[in-house]
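Asks: So here's model_24.cif, just mmCIF, C-alpha atoms:
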data_data
loop_
_atom_site.label_atom_id
_atom_site.label_comp_id
_atom_site.auth_asym_id
_atom_site.auth_seq_id
_atom_site.Cartn_x
_atom_site.Cartn_y
_atom_site.Cartn_z
CA MET A 93 65.58 -124.68 -140.04
CA ASP A 94 62.36 -123.74 -138.19
CA VAL A 95 62.47 -119.98 -138.00
CA VAL A 96 59.40 -118.12 -136.71
CA SER A 97 58.65 -115.22 -139.04
CA ARG A 98 57.56 -111.77 -137.92
CA ARG A 99 54.31 -112.34 -139.80
CA THR A 100 53.69 -115.48 -137.73
CA LEU A 101 54.48 -113.58 -134.52
CA GLY A 102 52.00 -110.90 -135.53
CA LYS A 103 49.29 -113.48 -136.09
CA LEU A 104 50.02 -115.08 -132.73
CA ALA A 105 49.86 -111.69 -131.02
CA ALA A 106 46.52 -110.90 -132.65
CA THR A 107 45.10 -114.26 -131.63
CA PHE A 108 46.30 -113.74 -128.05
CA ALA A 109 44.69 -110.28 -127.96
CA LEU A 110 41.37 -111.66 -129.15
CA ALA A 111 41.52 -114.34 -126.47
CA LEU A 112 41.80 -111.58 -123.86
CA GLY A 113 38.82 -109.75 -125.31
CA VAL A 114 40.87 -106.92 -126.78
CA SER A 115 39.48 -105.42 -129.97
CA ALA A 116 41.47 -106.16 -133.05
CA CYS A 117 41.16 -102.44 -133.82
CA THR A 118 42.73 -101.42 -130.53
CA PRO A 119 46.38 -100.46 -131.02
CA ALA A 120 48.55 -103.05 -129.35
CA ALA A 121 51.95 -102.66 -127.87
CA PRO A 122 54.65 -103.53 -130.40
CA VAL A 123 55.81 -107.12 -130.25
CA ALA A 124 59.53 -107.39 -129.72
CA ALA A 125 61.37 -109.22 -132.47
CA VAL A 126 62.54 -112.64 -131.36
CA ASP A 127 65.90 -113.92 -132.56
CA THR A 128 65.19 -117.56 -133.23
CA ALA A 129 68.33 -118.29 -135.25
CA PRO A 130 70.06 -121.30 -133.68
CA SER A 131 73.43 -120.84 -132.07
CA GLU A 132 76.52 -122.57 -133.40
CA ALA A 133 76.36 -125.02 -130.51
CA GLU A 134 72.77 -125.86 -131.39
CA LEU A 135 73.67 -126.37 -135.05
CA VAL A 136 76.49 -128.72 -134.10
CA GLU A 137 74.25 -130.68 -131.75
CA ARG A 138 71.57 -131.00 -134.43
CA ALA A 139 74.14 -132.04 -137.02
CA HIS A 140 75.47 -134.76 -134.71
CA GLU A 141 71.96 -136.15 -134.26
CA ILE A 142 71.38 -136.17 -138.03
CA HIS A 143 74.79 -137.67 -138.79
CA THR A 144 74.32 -140.51 -136.31
CA ALA A 145 70.83 -141.30 -137.58
CA ALA A 146 71.70 -141.21 -141.31
CA LEU A 147 73.30 -143.98 -143.33
CA VAL A 148 76.57 -142.22 -144.18
CA LEU A 149 77.60 -143.79 -147.50
CA ASP A 150 80.65 -142.97 -149.63
CA ALA A 151 79.98 -144.02 -153.24
CA HIS A 152 83.63 -144.31 -154.33
CA ALA A 153 87.01 -144.85 -152.70
CA ASP A 154 90.12 -146.58 -154.01
CA ILE A 155 91.71 -149.72 -152.60
CA VAL A 156 95.18 -149.16 -151.16
CA MET A 157 97.87 -151.32 -152.70
CA PRO A 158 101.66 -151.41 -152.22
CA THR A 159 101.92 -149.31 -155.39
CA THR A 160 99.58 -146.56 -154.13
CA ALA A 161 101.40 -143.21 -154.16
CA ALA A 162 102.19 -141.91 -150.68
CA ASN A 163 100.72 -138.49 -151.47
CA PHE A 164 97.33 -140.15 -152.08
CA LEU A 165 97.22 -141.49 -148.51
CA SER A 166 96.74 -139.85 -145.13
CA ALA A 167 99.70 -138.09 -143.54
CA ASP A 168 100.27 -141.19 -141.40
CA GLY A 169 100.74 -143.28 -144.56
CA THR A 170 97.52 -145.25 -144.15
CA SER A 171 94.31 -145.50 -146.14
CA LYS A 172 91.90 -142.58 -145.96
CA VAL A 173 89.11 -145.14 -145.53
CA ALA A 174 90.90 -147.40 -143.06
CA PRO A 175 88.43 -149.22 -140.75
CA ALA A 176 89.32 -147.04 -137.76
CA LYS A 177 88.69 -143.87 -139.76
CA LEU A 178 85.39 -145.21 -141.05
CA LYS A 179 84.30 -145.88 -137.48
CA THR A 180 85.36 -142.45 -136.23
CA GLY A 181 83.45 -140.80 -139.08
CA GLU A 182 80.36 -142.98 -138.43
CA VAL A 183 80.50 -144.14 -142.05
CA GLY A 184 77.92 -146.88 -142.54
CA ALA A 185 78.96 -147.93 -146.04
CA VAL A 186 81.67 -147.31 -148.63
CA VAL A 187 82.05 -148.45 -152.22
CA MET A 188 85.64 -149.64 -152.67
CA ALA A 189 86.48 -149.77 -156.36
CA ILE A 190 88.59 -152.34 -158.14
CA ALA A 191 90.09 -149.68 -160.39
CA VAL A 192 92.89 -149.98 -162.94
CA GLY A 193 94.67 -147.14 -164.66
CA PRO A 194 95.24 -146.41 -168.35
CA GLY A 195 97.29 -148.50 -170.73
CA THR A 196 97.71 -149.60 -174.30
CA ARG A 197 95.09 -151.72 -176.01
CA THR A 198 97.09 -154.90 -176.48
CA PRO A 199 96.47 -158.44 -175.19
CA ALA A 200 99.51 -158.19 -172.92
CA ALA A 201 98.36 -154.88 -171.43
CA GLY A 202 94.86 -156.28 -170.94
CA ALA A 203 96.28 -159.27 -169.07
CA GLU A 204 98.27 -156.92 -166.83
CA ALA A 205 95.12 -154.91 -166.13
CA ARG A 206 93.21 -158.07 -165.20
CA ALA A 207 96.01 -159.19 -162.89
CA GLU A 208 95.94 -155.75 -161.23
CA ALA A 209 92.16 -155.96 -160.79
CA ASP A 210 92.39 -159.47 -159.33
CA ALA A 211 95.06 -158.28 -156.87
CA GLN A 212 92.82 -155.41 -155.74
CA LEU A 213 89.87 -157.76 -155.30
CA ALA A 214 92.01 -160.06 -153.16
CA ALA A 215 93.24 -157.08 -151.13
CA VAL A 216 89.78 -155.75 -150.28
CA LEU A 217 88.49 -159.22 -149.39
CA ALA A 218 91.50 -159.67 -147.10
CA LEU A 219 90.82 -156.27 -145.54
CA ALA A 220 87.27 -157.36 -144.72
CA ALA A 221 88.44 -160.70 -143.32
CA ASP A 222 91.14 -159.09 -141.17
CA ASN A 223 88.72 -156.51 -139.76
CA ALA A 224 85.59 -158.61 -139.40
CA ASP A 225 84.72 -156.90 -136.13
CA THR A 226 84.27 -153.52 -137.87
CA VAL A 227 83.56 -154.10 -141.59
CA ALA A 228 81.73 -156.62 -143.79
CA ILE A 229 81.12 -157.09 -147.51
CA ALA A 230 77.57 -156.22 -148.61
CA LYS A 231 76.03 -157.60 -151.81
CA SER A 232 72.59 -156.01 -151.62
CA ALA A 233 70.83 -152.91 -150.32
CA ASP A 234 69.30 -154.94 -147.50
CA GLU A 235 72.75 -156.20 -146.48
CA VAL A 236 74.10 -152.64 -146.51
CA GLU A 237 71.40 -151.56 -144.07
CA ALA A 238 71.76 -154.64 -141.86
CA ILE A 239 75.56 -154.34 -141.60
CA SER A 240 75.34 -150.63 -140.85
CA ALA A 241 72.63 -151.21 -138.24
CA SER A 242 74.92 -153.72 -136.52
CA GLY A 243 77.50 -151.01 -135.96
CA LYS A 244 79.87 -152.13 -138.72
CA THR A 245 80.71 -150.47 -142.03
CA ALA A 246 79.37 -152.18 -145.14
CA ILE A 247 81.92 -152.48 -147.96
CA ILE A 248 80.27 -152.51 -151.38
CA LEU A 249 82.55 -153.64 -154.17
CA GLY A 250 82.88 -151.41 -157.23
CA PHE A 251 84.63 -151.78 -160.56
CA GLN A 252 86.33 -149.16 -162.71
CA ASN A 253 87.86 -149.38 -166.19
CA ALA A 254 86.79 -152.05 -168.66
CA ARG A 255 90.42 -152.62 -169.69
CA SER A 256 90.50 -155.43 -167.16
CA LEU A 257 87.61 -157.19 -168.94
CA GLN A 258 90.05 -157.99 -171.77
CA GLY A 259 87.39 -157.43 -174.40
CA LYS A 260 85.01 -160.01 -172.89
CA VAL A 261 81.57 -158.93 -171.74
CA ASP A 262 81.06 -162.15 -169.79
CA ALA A 263 84.00 -161.19 -167.57
CA ILE A 264 81.49 -158.86 -165.89
CA ASP A 265 79.84 -162.00 -164.51
CA THR A 266 83.08 -163.04 -162.82
CA PHE A 267 83.32 -159.73 -161.00
CA TYR A 268 79.62 -159.72 -160.14
CA ASN A 269 79.87 -163.24 -158.71
CA ALA A 270 82.80 -162.06 -156.60
CA GLY A 271 80.52 -159.42 -155.07
CA VAL A 272 80.92 -156.35 -157.32
CA ARG A 273 77.72 -154.33 -157.60
CA VAL A 274 78.80 -150.97 -159.11
CA PHE A 275 80.36 -150.93 -162.60
CA ALA A 276 82.14 -148.01 -164.30
CA LEU A 277 83.53 -148.68 -167.76
CA ASN A 278 85.97 -145.77 -167.80
CA HIS A 279 89.04 -144.26 -166.24
CA LEU A 280 91.66 -142.12 -167.93
CA ALA A 281 92.00 -142.95 -171.68
CA HIS A 282 89.57 -144.68 -174.02
CA ASN A 283 89.17 -148.45 -173.98
CA ASP A 284 87.48 -151.02 -176.21
CA PHE A 285 84.14 -150.46 -174.48
CA SER A 286 83.81 -146.75 -173.87
CA ASP A 287 85.36 -143.31 -174.39
CA SER A 288 86.89 -141.40 -171.51
CA SER A 289 86.44 -137.76 -170.52
CA ARG A 290 90.27 -137.64 -170.51
CA PRO A 291 91.73 -139.10 -173.72
CA PHE A 292 95.30 -140.36 -173.68
CA HIS A 293 97.96 -137.88 -174.80
CA ASP A 294 100.92 -139.13 -176.81
CA PRO A 295 103.98 -137.28 -175.46
CA VAL A 296 105.88 -137.98 -178.69
CA THR A 297 103.35 -136.62 -181.16
CA GLY A 298 101.71 -134.20 -178.74
CA LYS A 299 98.28 -135.37 -179.91
CA TYR A 300 95.31 -136.80 -178.06
CA GLU A 301 93.82 -140.12 -179.07
CA PRO A 302 90.63 -139.64 -181.12
CA ASP A 303 87.29 -140.85 -179.79
CA ALA A 304 87.32 -144.58 -180.37
CA ASN A 305 83.70 -145.58 -179.87
CA ASN A 306 81.46 -142.56 -180.50
CA GLY A 307 80.60 -142.93 -176.81
CA LEU A 308 79.96 -146.65 -176.46
CA SER A 309 81.13 -149.42 -178.79
CA ALA A 310 79.12 -152.58 -179.44
CA LEU A 311 81.01 -154.09 -176.51
CA GLY A 312 80.04 -151.12 -174.34
CA LEU A 313 76.37 -151.41 -175.24
CA ALA A 314 76.46 -155.14 -174.47
CA ALA A 315 78.21 -154.39 -171.17
CA ILE A 316 75.40 -152.03 -170.10
CA ASP A 317 72.88 -154.76 -170.97
CA ARG A 318 74.85 -157.30 -168.94
CA ILE A 319 75.15 -155.04 -165.89
CA ASN A 320 71.39 -154.44 -166.02
CA ALA A 321 70.65 -158.15 -166.39
CA LEU A 322 72.81 -159.07 -163.42
CA GLY A 323 71.27 -156.39 -161.19
CA GLY A 324 74.35 -154.18 -161.03
CA VAL A 325 74.51 -150.38 -160.97
CA VAL A 326 75.89 -148.54 -164.02
CA ASP A 327 78.43 -145.85 -163.05
CA VAL A 328 79.24 -143.10 -165.59
CA SER A 329 81.99 -141.26 -163.71
CA GLN A 330 85.03 -140.50 -165.86
CA ALA A 331 83.16 -141.29 -169.10
CA SER A 332 83.03 -138.83 -171.98
CA LYS A 333 79.85 -136.84 -172.49
CA ALA A 334 78.89 -139.04 -175.45
CA SER A 335 79.54 -142.19 -173.42
CA THR A 336 77.59 -140.88 -170.44
CA LEU A 337 74.54 -139.99 -172.54
CA ALA A 338 74.73 -143.29 -174.44
CA SER A 339 74.93 -145.22 -171.15
CA ILE A 340 71.88 -143.42 -169.80
CA ALA A 341 69.95 -144.05 -173.01
CA ARG A 342 70.87 -147.74 -172.97
CA SER A 343 70.42 -148.55 -169.28
CA LYS A 344 67.05 -149.85 -168.18
CA THR A 345 67.70 -148.65 -164.63
CA PRO A 346 68.94 -145.38 -163.09
CA VAL A 347 72.68 -144.76 -163.33
CA ILE A 348 75.04 -143.07 -160.90
CA ALA A 349 78.09 -140.89 -161.24
CA SER A 350 80.03 -142.21 -158.24
CA HIS A 351 82.52 -139.33 -157.99
CA SER A 352 81.77 -136.41 -160.32
CA ASN A 353 81.35 -132.67 -159.86
CA VAL A 354 79.75 -129.75 -161.69
CA ARG A 355 81.45 -128.43 -164.82
CA ALA A 356 79.61 -125.11 -164.66
CA ILE A 357 81.52 -124.38 -161.43
CA SER A 358 84.84 -126.09 -162.20
CA ASN A 359 85.39 -126.36 -165.95
CA ALA A 360 87.14 -129.72 -166.13
CA THR A 361 86.18 -132.28 -168.79
CA ARG A 362 86.11 -134.79 -165.94
CA ASN A 363 83.12 -132.92 -164.47
CA LEU A 364 79.52 -133.17 -165.65
CA SER A 365 77.98 -130.68 -168.07
CA ASP A 366 74.45 -129.40 -167.52
CA ASP A 367 73.24 -131.74 -170.30
CA GLU A 368 74.65 -134.74 -168.44
CA ILE A 369 73.30 -133.54 -165.09
CA ASP A 370 69.83 -133.10 -166.59
CA ALA A 371 69.96 -136.53 -168.24
CA ILE A 372 70.95 -138.23 -164.97
CA GLY A 373 68.09 -136.48 -163.22
CA GLN A 374 65.59 -137.54 -165.88
CA ASN A 375 66.95 -141.08 -165.65
CA GLY A 376 66.31 -141.15 -161.89
CA GLY A 377 70.02 -141.42 -161.16
CA VAL A 378 72.36 -139.87 -158.62
CA ILE A 379 75.46 -137.65 -158.92
CA HIS A 380 77.94 -138.12 -156.08
CA VAL A 381 80.07 -135.03 -155.41
CA ALA A 382 83.76 -135.59 -154.58
CA PRO A 383 86.02 -133.58 -152.23
CA PHE A 384 88.70 -133.33 -154.93
CA SER A 385 90.15 -129.82 -155.21
CA ALA A 386 90.87 -129.85 -158.97
CA TYR A 387 87.22 -130.69 -159.66
CA LEU A 388 85.76 -128.30 -157.08
CA ILE A 389 87.66 -125.06 -157.58
CA ASN A 390 86.92 -122.52 -160.29
CA PHE A 391 90.39 -122.45 -161.85
CA SER A 392 89.38 -120.20 -164.75
CA THR A 393 90.42 -116.95 -163.07
CA PRO A 394 93.41 -115.15 -164.66
CA GLU A 395 95.52 -115.62 -161.53
CA LYS A 396 94.93 -119.36 -161.25
CA LEU A 397 95.36 -119.92 -164.99
CA ALA A 398 98.73 -118.15 -164.88
CA ALA A 399 99.90 -120.19 -161.87
CA ILE A 400 98.77 -123.46 -163.50
CA ASP A 401 100.51 -122.51 -166.76
CA THR A 402 103.76 -121.87 -164.88
CA ALA A 403 103.55 -125.25 -163.12
CA ARG A 404 102.82 -127.08 -166.36
CA LYS A 405 105.70 -125.45 -168.21
CA ALA A 406 108.08 -126.32 -165.37
CA ALA A 407 107.03 -129.97 -165.73
CA GLY A 408 107.47 -129.88 -169.51
CA LEU A 409 103.75 -130.26 -170.16
CA PRO A 410 101.70 -128.29 -172.70
CA ALA A 411 99.73 -125.29 -171.53
CA ALA A 412 96.54 -126.51 -173.23
CA TYR A 413 94.67 -128.86 -170.91
CA SER A 414 91.21 -130.05 -169.96
CA TYR A 415 91.90 -130.01 -166.22
CA PRO A 416 94.91 -128.73 -164.23
CA TYR A 417 96.50 -132.12 -163.45
CA GLU A 418 96.08 -133.39 -167.00
CA LEU A 419 98.95 -135.54 -168.35
CA TYR A 420 100.52 -136.25 -164.96
CA TRP A 421 100.19 -139.95 -165.83
CA GLU A 422 102.44 -139.35 -168.83
CA LEU A 423 105.34 -138.02 -166.73
CA PRO A 424 107.79 -140.96 -166.68
CA ASP A 425 109.65 -140.02 -163.48
CA PRO A 426 107.62 -140.65 -160.27
CA ALA A 427 109.47 -137.85 -158.49
CA ALA A 428 108.62 -135.41 -161.29
CA ARG A 429 105.00 -136.57 -161.16
CA THR A 430 104.81 -135.92 -157.42
CA ALA A 431 106.46 -132.50 -157.79
CA PHE A 432 104.03 -131.54 -160.54
CA THR A 433 100.92 -132.56 -158.61
CA ALA A 434 102.20 -130.63 -155.58
CA SER A 435 102.77 -127.51 -157.68
CA ILE A 436 99.30 -127.72 -159.17
CA ARG A 437 97.80 -128.16 -155.71
CA GLU A 438 99.55 -124.96 -154.64
CA ALA A 439 98.42 -123.14 -157.78
CA LEU A 440 94.79 -124.08 -157.21
CA GLY A 441 94.76 -123.17 -153.54
CA PRO A 442 92.72 -124.94 -150.89
CA ALA A 443 89.26 -126.31 -151.50
CA THR A 444 86.81 -126.39 -148.62
CA VAL A 445 83.66 -128.17 -147.54
CA ASP A 446 81.73 -124.98 -148.38
CA ILE A 447 82.88 -125.19 -152.01
CA MET A 448 81.92 -128.86 -152.09
CA ILE A 449 78.44 -127.95 -150.89
CA ASP A 450 78.23 -125.29 -153.63
CA HIS A 451 78.34 -128.22 -156.08
CA ILE A 452 75.67 -130.08 -154.10
CA ASP A 453 73.50 -126.94 -154.09
CA TYR A 454 73.87 -126.58 -157.85
CA ILE A 455 72.72 -130.14 -158.50
CA VAL A 456 69.82 -129.89 -156.04
CA LYS A 457 68.59 -126.64 -157.59
CA ARG A 458 68.86 -128.07 -161.10
CA ILE A 459 67.47 -131.62 -160.76
CA GLY A 460 66.33 -132.05 -157.15
CA ILE A 461 67.35 -133.48 -153.79
CA ASP A 462 66.74 -137.07 -154.94
CA HIS A 463 69.66 -136.97 -157.36
CA VAL A 464 72.74 -136.01 -155.35
CA GLY A 465 75.09 -137.92 -153.08
CA ILE A 466 78.73 -138.05 -151.96
CA GLY A 467 81.59 -140.13 -153.38
CA THR A 468 84.99 -139.15 -152.08
CA ASP A 469 87.58 -140.70 -154.42
CA PHE A 470 89.75 -141.03 -151.29
CA ASN A 471 93.13 -142.74 -151.82
CA HIS A 472 93.38 -141.32 -155.32
CA GLY A 473 94.28 -137.69 -154.75
CA SER A 474 91.09 -136.54 -153.07
CA GLY A 475 90.85 -134.64 -149.79
CA ILE A 476 90.12 -131.00 -148.91
CA GLU A 477 90.34 -128.73 -145.90
CA GLY A 478 88.05 -130.17 -143.25
CA TYR A 479 87.32 -133.38 -145.17
CA ASP A 480 90.59 -135.15 -145.83
CA ASP A 481 89.59 -138.68 -144.83
CA ALA A 482 86.61 -140.73 -143.67
CA SER A 483 87.09 -139.74 -140.03
CA GLN A 484 86.01 -136.17 -140.91
CA SER A 485 82.72 -137.08 -142.59
CA PHE A 486 80.75 -135.15 -139.98
CA ALA A 487 82.09 -131.89 -141.46
CA VAL A 488 79.88 -132.42 -144.51
CA THR A 489 76.78 -133.01 -142.40
CA LEU A 490 77.49 -129.86 -140.39
CA GLY A 491 78.01 -127.89 -143.59
CA LEU A 492 74.70 -129.13 -144.98
CA VAL A 493 72.89 -128.20 -141.75
CA ARG A 494 74.38 -124.72 -141.93
CA ARG A 495 73.03 -124.40 -145.48
CA GLY A 496 69.55 -125.24 -144.25
CA TYR A 497 69.18 -128.84 -145.43
CA SER A 498 66.71 -130.88 -143.40
CA ALA A 499 67.39 -134.22 -141.73
CA ASP A 500 65.46 -135.98 -144.51
CA ASP A 501 67.45 -134.13 -147.17
CA ILE A 502 70.75 -135.08 -145.57
CA ALA A 503 69.71 -138.71 -145.20
CA LYS A 504 69.02 -138.80 -148.94
CA ILE A 505 72.33 -137.13 -149.81
CA TRP A 506 74.43 -139.38 -147.61
CA GLY A 507 73.01 -142.75 -148.55
CA GLY A 508 69.30 -142.84 -149.23
CA ASN A 509 69.58 -141.88 -152.89
CA PHE A 510 72.30 -144.45 -153.59
CA LEU A 511 70.29 -147.23 -151.94
CA ARG A 512 67.24 -146.31 -154.00
CA VAL A 513 69.25 -146.79 -157.20
CA LEU A 514 70.79 -150.03 -155.93
CA ARG A 515 67.34 -151.38 -155.11
CA ALA A 516 66.05 -150.39 -158.55
CA ALA A 517 68.95 -152.29 -160.14
CA GLU A 518 68.24 -155.34 -158.00
CA ALA A 519 64.53 -155.26 -158.88
CA ALA A 520 65.32 -155.18 -162.61
CA LYS A 521 67.59 -158.22 -162.51
CA THR A 522 66.49 -160.72 -165.14
CA PRO A 523 66.54 -164.49 -164.57
CA THR A 524 67.89 -165.02 -168.07
CA THR A 525 70.73 -162.93 -169.44
CA PRO A 526 71.06 -161.69 -173.03
CA ALA A 527 73.32 -163.38 -175.52
CA LEU A 528 76.87 -162.10 -175.52
CA PRO A 529 78.82 -160.97 -178.60
#
I'd like the structure from this file rewritten - as structure tokens, please.
Replies:
Amino acid sequence: MDVVSRRTLGKLAATFALALGVSACTPAAPVAAVDTAPSEAELVERAHEIHTAALVLDAHADIVMPTTAANFLSADGTSKVAPAKLKTGEVGAVVMAIAVGPGTRTPAAGAEARAEADAQLAAVLALAADNADTVAIAKSADEVEAISASGKTAIILGFQNARSLQGKVDAIDTFYNAGVRVFALNHLAHNDFSDSSRPFHDPVTGKYEPDANNGLSALGLAAIDRINALGGVVDVSQASKASTLASIARSKTPVIASHSNVRAISNATRNLSDDEIDAIGQNGGVIHVAPFSAYLINFSTPEKLAAIDTARKAAGLPAAYSYPYELYWELPDPAARTAFTASIREALGPATVDIMIDHIDYIVKRIGIDHVGIGTDFNHGSGIEGYDDASQSFAVTLGLVRRGYSADDIAKIWGGNFLRVLRAAEAAKTPTTPALP
């Protein structure tokens, strides 16, 4: 914000006095302090101008399917990134991820995961076809900008969880050829390619699965090579620390974390440690902060820990955990799962846009404005006070303006940084691809 300092006012007063022929030694009448702080109305007006001018880009949202839990959706039962909500929020682009959940590592389970991924791909393509007046699929950075400039929202296809690759690196080509440009190897639980930040817990033995790949397996390393060769973006969200660092070391282009927050603020294994944040910054990548309460709130206070412990015991889950919602997947009864997530939400208390911006501030101060963005994880449990769906995206811009971020800063946070990484990936695409294992 342009605030005139008292020192500047003094200099202006002295200059004015000299212009009138008054000696600089002559005592001058005191200059009244001028309150130049903008009013709330002025801040809102400025934020609206910035929001409209910026490419507002959400780096990760889930695709709504008939099986999507009702509590993941908006109160009206519809997608949090429905075309109408995207338009209201002036969202110029959104990455919609073909994401499958955890499962056993068997051929049958892999086939089920692939069928689920194919169904999600078909659903998002149908969504674009049915709403061609407001959205369109984008396969490059230039297409993202062109679609947004036309007044529509660009849908970028993402991918999450290598389970659906069924152990075949060349399956990445199939998804890329279908339009996918952002690839994350992990979700909950390890897979044949990469280790997760949230290992699977066996409810019978009470033990967590051991790290399977020491970060990345040979398949995982080959997958990073393949994504680079095709011109795709490597996404490290949900990966273990070892997997994240190995992915950064392997990738020839900057990586992103499409929906990850700061572990120093909210101590969940799902969040990024300072080592990972620093490595992403050194790699030229971008960390996209998510409005997900469990990954925003500092839940390490005695009061919150006690409330979380009570909720976990009531659900029959162990008190030891790496994040408050941990093991909800393992609850066999859907009603019990919903009740547990509701109780944890109450135990945590509300998260706000201000807390979300605390995470953005932390990343900016640590690695710079060029390495932070926003990825909501909408339709998968995300949503906070003031930013519960795409229609409320302006709340983030207003919050950033209130914190003193410039128009250029906000343009980078919302979409500029992501597009830079996408363009770097496109530029590094190789005409010949490496041999596959």
Asks: Quick check on the file I pasted: which residues fall under the PyMOL selection byres ((chain A and resi 367-374) around 7)? Write them as number ranges by chain.
Replies: A: 333, 337, 347, 364-366, 375-378, 459, 463
Asks: Taking the file as I've supplied it (selection: the PyMOL selection byres ((chain A and resi 385) around 9)), which residues are included? Please answer as number ranges by chain.
Replies: A: 382-384, 386-389, 437, 440-444, 448, 473-476
Asks: Considering all atoms listed in the file, can you say which of A:Phe432, A:Phe275, A:Trp421, A:Phe285 comes closest to Asp303 (chain A)?
Replies: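 Answer, going by the shortest atom-to-atom distance: A:Phe285.
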Asks: How many Å separate CA of Leu423 (chain A) from CA of Arg197 (chain A)?
Replies: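 Spanning CA of Leu423 (chain A) to CA of Arg197 (chain A) is a straight-line distance of 19.5 Å.
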Asks: Between CA of Met188 (chain A) and CA of Ala211 (chain A), measure the distance and give it in Å to one decimal.
Replies: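 Between these atoms lies a distance of 13.5 Å.
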Asks: Would you kindly return, as JSON, numbers by chain, each protein, DNA or RNA residue with an atom no farther than 12 Å from any atom of region 228-235 of chain A, considering only C-alpha atoms and excluding same-chain residues fewer than 6 positions away?
Replies: {"A": [147, 149, 175, 184, 185, 186, 187, 188, 213, 216, 217, 218, 219, 220, 221, 222, 241, 242, 243, 244, 245, 246, 247, 248, 249, 250, 267, 268, 269, 270, 271, 272, 273, 274, 323, 324, 325, 507, 508, 509, 510, 511, 512, 513, 514, 515, 516, 517, 518, 519]}
Asks: With the file shown as input, list the residues that the PyMOL selection byres ((chain A and resi 495) around 10) selects, as a PyMOL selection string.
Replies: chain A and resi 93+446+449-450+453+489-494+496-498
Asks: Go ahead and save the residues from that selection, with C-alpha atoms, as a CSV table (one decimal), in the coordinates of the input.
Replies:
chain,number,residue,atom,x,y,z
A,93,MET,CA,65.6,-124.7,-140.0
A,446,ASP,CA,81.7,-125.0,-148.4
A,449,ILE,CA,78.4,-128.0,-150.9
A,450,ASP,CA,78.2,-125.3,-153.6
A,453,ASP,CA,73.5,-126.9,-154.1
A,489,THR,CA,76.8,-133.0,-142.4
A,490,LEU,CA,77.5,-129.9,-140.4
A,491,GLY,CA,78.0,-127.9,-143.6
A,492,LEU,CA,74.7,-129.1,-145.0
A,493,VAL,CA,72.9,-128.2,-141.8
A,494,ARG,CA,74.4,-124.7,-141.9
A,496,GLY,CA,69.6,-125.2,-144.2
A,497,TYR,CA,69.2,-128.8,-145.4
A,498,SER,CA,66.7,-130.9,-143.4
Asks: By how many Å are CA of Asp317 (chain A) and CA of Ala341 (chain A) apart?
Replies: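 Between CA of Asp317 (chain A) and CA of Ala341 (chain A) the gap is 11.3 Å.
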